[in-house]
file my_file00.cif (mmCIF, C-alpha atoms)
data_data
#
loop_
_atom_site.label_atom_id
_atom_site.label_comp_id
_atom_site.auth_asym_id
_atom_site.auth_seq_id
_atom_site.Cartn_x
_atom_site.Cartn_y
_atom_site.Cartn_z
CA MET K 16 -15.02 21.44 110.90
CA LYS K 17 -11.59 19.91 110.31
CA ASN K 18 -10.25 23.15 108.85
CA GLU K 19 -11.59 25.38 111.61
CA LYS K 20 -8.97 26.65 114.00
CA GLN K 21 -9.16 28.05 117.50
CA PRO K 22 -8.45 31.79 117.67
CA PRO K 23 -5.08 32.75 119.18
CA SER K 24 -5.22 33.17 122.94
CA LYS K 25 -3.10 35.09 125.42
CA ASN K 26 -3.86 34.01 128.96
CA THR K 27 -3.50 36.15 132.05
CA ALA K 28 -3.62 34.70 135.55
CA ILE K 29 -5.02 36.42 138.64
CA THR K 30 -2.81 37.32 141.57
CA VAL K 31 -4.32 35.82 144.71
CA PRO K 32 -3.96 37.74 148.00
CA ALA K 33 -2.63 35.81 150.98
CA ASP K 34 -5.80 36.47 153.00
CA ALA K 35 -8.23 35.25 150.32
CA TRP K 36 -11.30 33.43 151.63
CA LYS K 37 -11.05 29.66 151.91
CA ALA K 38 -13.96 27.31 152.43
CA PRO K 39 -13.85 25.40 155.72
CA ASP K 40 -12.54 21.86 155.50
CA THR K 41 -15.29 19.25 155.38
CA VAL K 42 -13.59 17.41 158.25
CA THR K 43 -14.79 20.26 160.47
CA ILE K 44 -18.45 19.46 159.81
CA PRO K 45 -19.87 18.64 163.26
CA ALA K 46 -21.27 15.30 164.30
CA GLY K 47 -24.93 14.67 165.05
CA LYS K 48 -28.06 16.03 163.40
CA ALA K 49 -26.49 19.39 162.61
CA GLY K 50 -23.70 17.70 160.68
CA GLU K 51 -26.15 15.43 158.90
CA MET K 52 -28.06 18.45 157.59
CA ILE K 53 -24.85 20.12 156.41
CA ARG K 54 -23.72 16.97 154.60
CA TYR K 55 -27.15 16.46 153.06
CA GLY K 56 -27.19 20.08 151.90
CA ARG K 57 -23.76 19.66 150.33
CA GLU K 58 -24.93 16.51 148.56
CA LEU K 59 -28.00 18.33 147.24
CA ILE K 60 -25.87 21.14 145.85
CA ALA K 61 -23.56 18.68 144.10
CA HIS K 62 -26.21 16.25 142.80
CA THR K 63 -29.40 18.33 142.73
CA ALA K 64 -30.97 16.42 139.85
CA ASN K 65 -30.71 13.06 141.62
CA TYR K 66 -33.10 14.37 144.26
CA LEU K 67 -35.05 17.20 142.60
CA GLY K 68 -34.58 16.72 138.84
CA PRO K 69 -36.91 15.18 136.23
CA LYS K 70 -36.27 11.73 137.75
CA GLY K 71 -35.58 12.97 141.27
CA SER K 72 -36.05 10.67 144.23
CA VAL K 73 -37.63 13.41 146.39
CA ALA K 74 -39.46 15.69 143.93
CA GLN K 75 -39.43 16.67 140.27
CA LEU K 76 -38.69 20.37 140.23
CA THR K 77 -35.72 21.09 137.95
CA ASN K 78 -34.51 20.56 134.39
CA GLY K 79 -31.72 18.12 135.28
CA MET K 80 -28.87 20.51 136.00
CA ASN K 81 -27.15 20.63 139.39
CA CYS K 82 -26.52 23.72 141.52
CA GLN K 83 -22.84 22.78 141.36
CA ASN K 84 -22.80 23.33 137.60
CA CYS K 85 -22.70 27.08 138.27
CA HIS K 86 -21.52 27.05 141.91
CA LEU K 87 -18.37 25.00 141.52
CA ASP K 88 -17.08 22.51 144.07
CA GLY K 89 -20.17 22.84 146.21
CA GLY K 90 -19.93 26.62 146.17
CA SER K 91 -16.40 26.63 147.59
CA HIS K 92 -14.45 27.75 144.50
CA LEU K 93 -12.96 31.23 144.06
CA PHE K 94 -14.33 32.92 140.91
CA GLY K 95 -16.79 30.04 140.65
CA ASN K 96 -19.89 31.68 142.17
CA ASN K 97 -19.07 30.49 145.68
CA PHE K 98 -21.39 30.71 148.66
CA ALA K 99 -18.95 32.50 150.98
CA SER K 100 -21.14 35.53 151.64
CA PHE K 101 -24.52 34.20 150.57
CA ILE K 102 -26.14 34.04 154.01
CA ALA K 103 -24.37 37.19 155.26
CA THR K 104 -25.74 39.16 152.29
CA TYR K 105 -29.44 38.63 153.03
CA PRO K 106 -31.85 40.28 153.52
CA LYS K 107 -30.97 42.82 150.83
CA MET K 108 -32.55 45.09 148.27
CA ASN K 109 -32.70 43.28 144.95
CA PRO K 110 -33.05 45.68 141.99
CA ARG K 111 -34.14 42.79 139.75
CA SER K 112 -37.21 42.07 141.89
CA GLY K 113 -37.57 45.65 143.08
CA LYS K 114 -37.95 44.61 146.71
CA VAL K 115 -36.02 43.47 149.76
CA ASP K 116 -35.34 39.76 149.32
CA ILE K 117 -34.49 37.13 151.90
CA ALA K 118 -32.34 34.07 151.20
CA ASP K 119 -35.45 31.96 150.54
CA ASP K 120 -36.36 34.25 147.64
CA ARG K 121 -32.97 33.64 146.04
CA PHE K 122 -33.48 29.88 146.23
CA VAL K 123 -36.80 30.19 144.47
CA GLU K 124 -35.29 32.37 141.76
CA CYS K 125 -32.42 29.94 141.13
CA PHE K 126 -34.82 27.02 140.76
CA LYS K 127 -37.01 28.95 138.33
CA ARG K 128 -34.20 30.50 136.27
CA SER K 129 -30.84 28.71 136.44
CA LEU K 130 -32.39 25.29 136.97
CA GLY K 131 -35.27 26.04 134.60
CA GLY K 132 -37.80 24.54 136.99
CA LYS K 133 -40.51 25.17 139.53
CA SER K 134 -40.56 27.04 142.81
CA PRO K 135 -39.47 24.81 145.70
CA ASP K 136 -41.19 24.76 149.08
CA THR K 137 -38.50 26.46 151.14
CA THR K 138 -39.83 24.92 154.37
CA LYS K 139 -39.03 21.39 153.20
CA LYS K 140 -36.01 19.48 154.49
CA GLU K 141 -34.06 19.69 151.24
CA ILE K 142 -34.04 23.48 150.97
CA GLN K 143 -33.41 23.81 154.69
CA ALA K 144 -30.46 21.41 154.37
CA MET K 145 -29.00 23.46 151.51
CA MET K 146 -29.45 26.59 153.58
CA THR K 147 -27.74 24.92 156.55
CA TYR K 148 -24.79 23.99 154.35
CA MET K 149 -24.50 27.55 153.08
CA LYS K 150 -24.54 28.88 156.65
CA TRP K 151 -21.72 26.49 157.49
CA ILE K 152 -19.56 27.31 154.49
CA GLY K 153 -19.86 31.05 155.14
CA ASN K 154 -19.90 30.91 158.92
CA LYS K 155 -16.94 33.30 159.38
CA VAL K 156 -18.01 35.87 156.79
CA LYS K 157 -19.50 39.07 158.17
CA ARG K 158 -22.18 41.14 156.51
CA GLY K 159 -20.69 43.72 154.17
CA ALA K 160 -17.34 41.96 153.84
CA LYS K 161 -15.55 42.48 150.52
CA LEU K 162 -14.26 39.09 149.44
CA PHE K 163 -11.75 38.25 146.74
CA GLY K 164 -13.13 35.98 144.03
CA ASN K 165 -16.61 35.93 145.52
CA ALA K 166 -18.64 35.72 142.29
CA THR K 167 -17.08 35.79 138.81
CA GLU K 168 -14.35 38.01 137.47
CA LYS K 169 -15.53 41.22 135.82
CA LEU K 170 -13.54 41.13 132.61
CA PRO K 171 -12.53 44.38 130.88
CA TYR K 172 -14.91 45.31 128.10
CA LEU K 173 -13.80 44.57 124.56
CA PRO K 174 -13.42 47.57 122.22
CA THR K 175 -15.90 45.92 119.86
CA ALA K 176 -18.95 43.70 120.16
CA ALA K 177 -18.32 40.09 121.19
CA ASP K 178 -18.05 37.94 118.08
CA THR K 179 -20.27 34.84 117.96
CA ALA K 180 -18.46 33.44 114.91
CA LYS K 181 -15.12 33.55 116.71
CA GLY K 182 -16.86 32.21 119.79
CA ARG K 183 -18.06 29.21 117.81
CA LEU K 184 -14.46 28.35 116.98
CA VAL K 185 -13.52 28.55 120.65
CA PHE K 186 -16.48 26.32 121.49
CA ILE K 187 -15.43 23.71 118.92
CA ALA K 188 -11.84 23.72 120.13
CA LYS K 189 -12.38 23.93 123.88
CA CYS K 190 -15.96 23.07 124.85
CA LYS K 191 -17.48 20.60 122.40
CA SER K 192 -15.64 17.54 123.73
CA CYS K 193 -17.46 17.79 127.08
CA HIS K 194 -20.66 19.71 126.31
CA GLY K 195 -21.48 18.14 122.94
CA SER K 196 -21.58 19.43 119.38
CA ASN K 197 -25.02 20.93 119.96
CA GLY K 198 -24.40 22.08 123.53
CA GLU K 199 -26.59 19.22 124.78
CA GLY K 200 -24.28 18.16 127.60
CA LEU K 201 -23.45 14.61 128.66
CA LEU K 202 -25.96 12.65 130.70
CA ALA K 203 -24.68 10.50 133.53
CA VAL K 204 -24.97 6.71 133.20
CA ASP K 205 -28.11 6.67 135.36
CA LYS K 206 -29.73 9.29 133.06
CA LYS K 207 -30.81 11.31 136.11
CA SER K 208 -28.36 14.18 135.88
CA TYR K 209 -25.58 15.56 133.71
CA THR K 210 -21.90 14.75 134.02
CA TYR K 211 -21.32 17.84 131.87
CA PRO K 212 -24.29 20.24 131.76
CA PRO K 213 -26.07 21.40 128.61
CA LEU K 214 -25.10 24.92 127.57
CA TRP K 215 -28.28 25.59 125.61
CA GLY K 216 -31.51 23.85 124.75
CA ALA K 217 -34.46 22.72 126.85
CA HIS K 218 -32.40 21.45 129.79
CA SER K 219 -30.06 24.40 130.18
CA TYR K 220 -30.50 27.66 132.10
CA ASN K 221 -33.22 29.89 130.69
CA ASP K 222 -32.85 33.48 129.53
CA GLY K 223 -33.85 34.78 132.95
CA ALA K 224 -30.75 33.32 134.60
CA GLY K 225 -27.69 35.31 135.60
CA MET K 226 -25.54 33.28 133.22
CA TYR K 227 -27.57 34.64 130.31
CA ARG K 228 -25.77 37.94 130.82
CA ILE K 229 -22.57 37.43 128.84
CA GLY K 230 -20.48 39.42 131.31
CA ASN K 231 -21.25 36.87 134.01
CA LEU K 232 -20.72 33.91 131.70
CA ALA K 233 -17.48 35.30 130.25
CA GLY K 234 -15.95 35.78 133.70
CA PHE K 235 -17.03 32.29 134.75
CA VAL K 236 -15.66 30.67 131.60
CA LYS K 237 -12.34 32.56 131.71
CA ASN K 238 -11.38 31.22 135.12
CA ASN K 239 -12.92 27.74 135.07
CA MET K 240 -13.14 26.41 131.53
CA PRO K 241 -12.24 24.21 129.75
CA PHE K 242 -11.80 21.31 132.18
CA GLY K 243 -8.53 21.75 134.06
CA ALA K 244 -8.40 25.53 133.77
CA THR K 245 -8.34 27.63 136.94
CA TYR K 246 -8.10 31.31 137.80
CA LYS K 247 -4.43 30.61 138.54
CA LYS K 248 -3.89 28.89 135.19
CA PRO K 249 -6.51 30.04 132.67
CA GLN K 250 -6.55 28.58 129.18
CA LEU K 251 -8.59 31.30 127.49
CA SER K 252 -7.88 34.95 126.84
CA ASN K 253 -10.39 37.61 127.84
CA GLU K 254 -11.38 37.95 124.19
CA ASP K 255 -11.90 34.18 123.85
CA ALA K 256 -14.07 34.19 126.96
CA TRP K 257 -16.26 37.08 125.75
CA ASN K 258 -16.66 35.53 122.31
CA VAL K 259 -17.53 32.03 123.46
CA ALA K 260 -19.97 33.45 126.01
CA ALA K 261 -21.63 35.39 123.19
CA PHE K 262 -21.84 32.26 121.05
CA ILE K 263 -23.33 30.15 123.85
CA ASN K 264 -25.91 32.76 124.73
CA SER K 265 -26.86 33.27 121.09
CA GLN K 266 -28.15 29.69 121.00
CA PRO K 267 -31.79 28.70 121.72
CA ARG K 268 -32.92 28.15 125.29
CA PRO K 269 -36.17 28.37 127.28
CA HIS K 270 -37.69 31.81 127.75
CA PHE K 271 -38.46 33.20 131.18
CA ASP K 272 -41.18 35.79 131.67
CA ASN K 273 -39.10 38.77 132.74
CA SER K 274 -41.85 41.36 132.38
CA LYS K 275 -41.69 42.16 136.12
CA ASP K 276 -37.89 42.20 136.36
CA TRP K 277 -35.97 45.44 137.00
CA PRO K 278 -38.94 47.72 137.67
CA ALA K 279 -36.48 50.63 137.89
CA ILE K 280 -35.09 50.49 134.36
CA ASP K 281 -32.18 52.82 135.17
CA LYS K 282 -30.77 50.06 137.39
CA LYS K 283 -30.59 47.43 134.65
CA PRO K 284 -27.09 45.98 134.14
CA ILE K 285 -25.20 46.94 130.99
CA ASP K 286 -25.36 43.40 129.60
CA LEU K 287 -29.03 42.73 130.27
CA PRO K 288 -30.51 42.28 126.77
CA PHE K 289 -34.13 43.04 127.56
CA GLY K 290 -35.63 46.51 127.18
CA PRO K 291 -36.94 49.00 127.83
CA PHE K 292 -33.74 50.82 128.80
CA ALA K 293 -33.01 54.18 130.30
CA ASP K 294 -30.58 54.73 127.40
CA SER K 295 -31.11 54.57 123.64
CA PHE K 296 -28.84 51.59 122.91
CA SER K 297 -30.36 48.52 121.28
CA GLU K 298 -31.10 45.16 122.88
CA LYS K 299 -28.46 43.65 120.60
CA GLN K 300 -25.80 46.04 121.88
CA HIS K 301 -26.85 45.37 125.47
CA LYS K 302 -26.42 41.65 124.76
CA PHE K 303 -23.15 41.54 122.79
CA GLY K 304 -21.62 45.00 123.15
CA PRO K 305 -19.67 47.05 122.52
CA PHE K 306 -20.28 47.96 126.16
CA LYS K 307 -17.88 50.88 126.54
CA PRO K 308 -20.29 53.41 124.95
CA ILE K 309 -23.07 52.23 127.27
CA ALA K 310 -20.76 52.50 130.29
CA ALA K 311 -19.74 56.00 129.22
CA TRP K 312 -23.40 57.01 128.89
CA GLN K 313 -24.17 55.62 132.35
CA LYS K 314 -21.37 57.68 133.89
CA THR K 315 -23.05 60.85 132.68
CA HIS K 316 -26.55 59.58 133.57
CA PRO K 317 -26.15 57.93 136.99
CA SER K 318 -28.96 55.77 138.37
CA LYS K 319 -31.34 57.39 140.80
CA LYS K 320 -30.88 56.48 144.43
CA SER K 321 -33.34 53.91 145.82
#
call {"tool": "encode", "arguments": {"input": "my_file00.cif", "output": "structure tokens"}}
result
Amino acid sequence: MKNEKQPPSKNTAITVPADAWKAPDTVTIPAGKAGEMIRYGRELIAHTANYLGPKGSVAQLTNGMNCQNCHLDGGSHLFGNNFASFIATYPKMNPRSGKVDIADDRFVECFKRSLGGKSPDTTKKEIQAMMTYMKWIGNKVKRGAKLFGNATEKLPYLPTAADTAKGRLVFIAKCKSCHGSNGEGLLAVDKKSYTYPPLWGAHSYNDGAGMYRIGNLAGFVKNNMPFGATYKKPQLSNEDAWNVAAFINSQPRPHFDNSKDWPAIDKKPIDLPFGPFADSFSEKQHKFGPFKPIAAWQKTHPSKKS
């Protein structure tokens, strides 16, 4: 590995509008029982595994990852899957489930997919506390609002397929020091949760999670990784981000039964690598690209209205 070099990278920062959403300051959390629930919910988001992981003090529901691993800074971070519009968005039609979902459904899905665990009882205090925190953090966001940096950046498609070999070099140069040579992550001293989460393997997100789509992972990585990078000062180029996302998602991880996902196949995302598809492109191309031909096909074969 000593002779392996990181691919060249040209970084481009994002211009932030003056009216971009900002999470409320934690000093504004109210006193009393309402404030206690908000603070407990925030703690659960940040340190999920301590309470609900394999050695959780409340229940054993998840694989050891924390919600904050994908929803940065307690879901307050622009381009870090923040919770700004989470509550305002629901109920909504979810093409993945094929039905109208409420916020509780999304919690269940995250536990089963991103946290590789079991369905939580959404009536319990812990889930209600997390919900209360999300209501607080998005309390000024109205339904239908278009927010800057609300999820992850949608990077321009590469002209070719994402390259896992080049992605491996990016991983070695930029990711290995925190996430381990084998993507195993770094356990905290108490062995209850991860200081740096595993990127593949038994304790990472499964292949039913949103991060398994390399478009989502590439946008997340570009603006948040490696440690110290931000959307204002990225360290990776778009190409680096696509390639390392392809490498990470080419590694082994738990399988999720997705046989009931996306009942309307013409609504499947371009980078969802599980057929059948409305088009004739392969699962491999839907996973790694090139995506431009698929996007061009979709423009001439628009999805049917729900």
call {"tool": "atom_distance", "arguments": {"input": "my_file00.cif", "atom1": "atom CA of K:Pro308", "atom2": "atom CA of K:Leu170"}}
result
16.0 Å
call {"tool": "resolve_selection", "arguments": {"input": "my_file00.cif", "expression": "the PyMOL selection byres ((chain K and resi 90-106) around 7)", "output": "tab-separated table (two decimals) with C-alpha atoms, keeping the file's coordinate frame"}}
result
chain	number	residue	atom	x	y	z
K	38	ALA	CA	-13.96	27.31	152.43
K	83	GLN	CA	-22.84	22.78	141.36
K	85	CYS	CA	-22.70	27.08	138.27
K	86	HIS	CA	-21.52	27.05	141.91
K	87	LEU	CA	-18.37	25.00	141.52
K	88	ASP	CA	-17.08	22.51	144.07
K	89	GLY	CA	-20.17	22.84	146.21
K	107	LYS	CA	-30.97	42.82	150.83
K	115	VAL	CA	-36.02	43.47	149.76
K	116	ASP	CA	-35.34	39.76	149.32
K	117	ILE	CA	-34.49	37.13	151.90
K	118	ALA	CA	-32.34	34.07	151.20
K	149	MET	CA	-24.50	27.55	153.08
K	150	LYS	CA	-24.54	28.88	156.65
K	152	ILE	CA	-19.56	27.31	154.49
K	153	GLY	CA	-19.86	31.05	155.14
K	156	VAL	CA	-18.01	35.87	156.79
K	157	LYS	CA	-19.50	39.07	158.17
K	158	ARG	CA	-22.18	41.14	156.51
K	164	GLY	CA	-13.13	35.98	144.03
K	165	ASN	CA	-16.61	35.93	145.52
K	166	ALA	CA	-18.64	35.72	142.29
K	167	THR	CA	-17.08	35.79	138.81
K	168	GLU	CA	-14.35	38.01	137.47
K	235	PHE	CA	-17.03	32.29	134.75
K	238	ASN	CA	-11.38	31.22	135.12
call {"tool": "closest_residue", "arguments": {"input": "my_file00.cif", "among": "K:Ser219, K:Asn197, K:Gln75, K:Asn264", "to": "K:Ala233", "atoms": "all atoms listed in the file"}}
result
K:Asn264
call {"tool": "resolve_selection", "arguments": {"input": "my_file00.cif", "expression": "the PyMOL selection byres ((chain K and resi 148) around 10)", "output": "list of chain:residue names"}}
result
K:Ile44, K:Ala49, K:Gly50, K:Glu51, K:Met52, K:Ile53, K:Arg54, K:Tyr55, K:Gly56, K:Arg57, K:Glu58, K:Leu59, K:Ile60, K:Gly89, K:Gly90, K:Phe98, K:Ile142, K:Gln143, K:Ala144, K:Met145, K:Met146, K:Thr147, K:Met149, K:Lys150, K:Trp151, K:Ile152, K:Gly153, K:Asn154
call {"tool": "residues_near_point", "arguments": {"input": "my_file00.cif", "point": "(-23.2, 38.8, 122.3)", "cutoff": "10 Å", "atoms": "all atoms listed in the file", "output": "list of chain:residue names"}}
result
K:Ala176, K:Ala177, K:Asp178, K:Thr179, K:Gly182, K:Arg228, K:Ile229, K:Gly230, K:Trp257, K:Asn258, K:Val259, K:Ala260, K:Ala261, K:Phe262, K:Ile263, K:Asn264, K:Ser265, K:Asp286, K:Pro288, K:Lys299, K:Gln300, K:His301, K:Lys302, K:Phe303, K:Gly304, K:Pro305
call {"tool": "atom_distance", "arguments": {"input": "my_file00.cif", "atom1": "atom CA of K:Asn273", "atom2": "atom CA of K:Pro110"}}
result
13.0 Å
call {"tool": "atom_distance", "arguments": {"input": "my_file00.cif", "atom1": "atom CA of K:Pro212", "atom2": "atom CA of K:Asn84"}}
result
6.8 Å
call {"tool": "resolve_selection", "arguments": {"input": "my_file00.cif", "expression": "the PyMOL selection byres ((chain K and resi 222) around 6)", "output": "VMD selection string"}}
result
chain K and resid 221 223 to 224 227 270 to 271
call {"tool": "residues_around", "arguments": {"input": "my_file00.cif", "residues": "K:Arg268", "least_positions_apart": "6", "cutoff": "6 Å", "atoms": "all atoms listed in the file", "output": "PyMOL selection string"}}
result
chain K and resi 215-217+221
call {"tool": "residues_around", "arguments": {"input": "my_file00.cif", "residues": "K:Ile285", "least_positions_apart": "4", "cutoff": "8 Å", "atoms": "only C-alpha atoms", "output": "list in words"}}
result
His301, Phe306, Ile309 and Ala310 of chain K
call {"tool": "closest_residue", "arguments": {"input": "my_file00.cif", "among": "K:Ala33, K:Cys82, K:Leu162, K:Ala256", "to": "K:His62", "atoms": "all atoms listed in the file"}}
result
K:Cys82
call {"tool": "closest_residue", "arguments": {"input": "my_file00.cif", "among": "K:Ala64, K:Met80, K:Met226, K:Ile29", "to": "K:Pro249", "atoms": "all atoms listed in the file"}}
result
K:Ile29
call {"tool": "closest_residue", "arguments": {"input": "my_file00.cif", "among": "K:Ser295, K:Asn78, K:Ser72, K:Gln313", "to": "K:Lys133", "atoms": "all atoms listed in the file"}}
result
K:Asn78
call {"tool": "residues_around", "arguments": {"input": "my_file00.cif", "residues": "K:Gly290", "least_positions_apart": "3", "cutoff": "10 Å", "atoms": "all atoms listed in the file", "output": "ChimeraX atom specification"}}
result
/K:274,277,280,283,287,293-298,301
call {"tool": "closest_residue", "arguments": {"input": "my_file00.cif", "among": "K:Lys37, K:Cys193, K:Phe126, K:Thr175", "to": "K:Tyr209", "atoms": "only C-alpha atoms"}}
result
K:Cys193
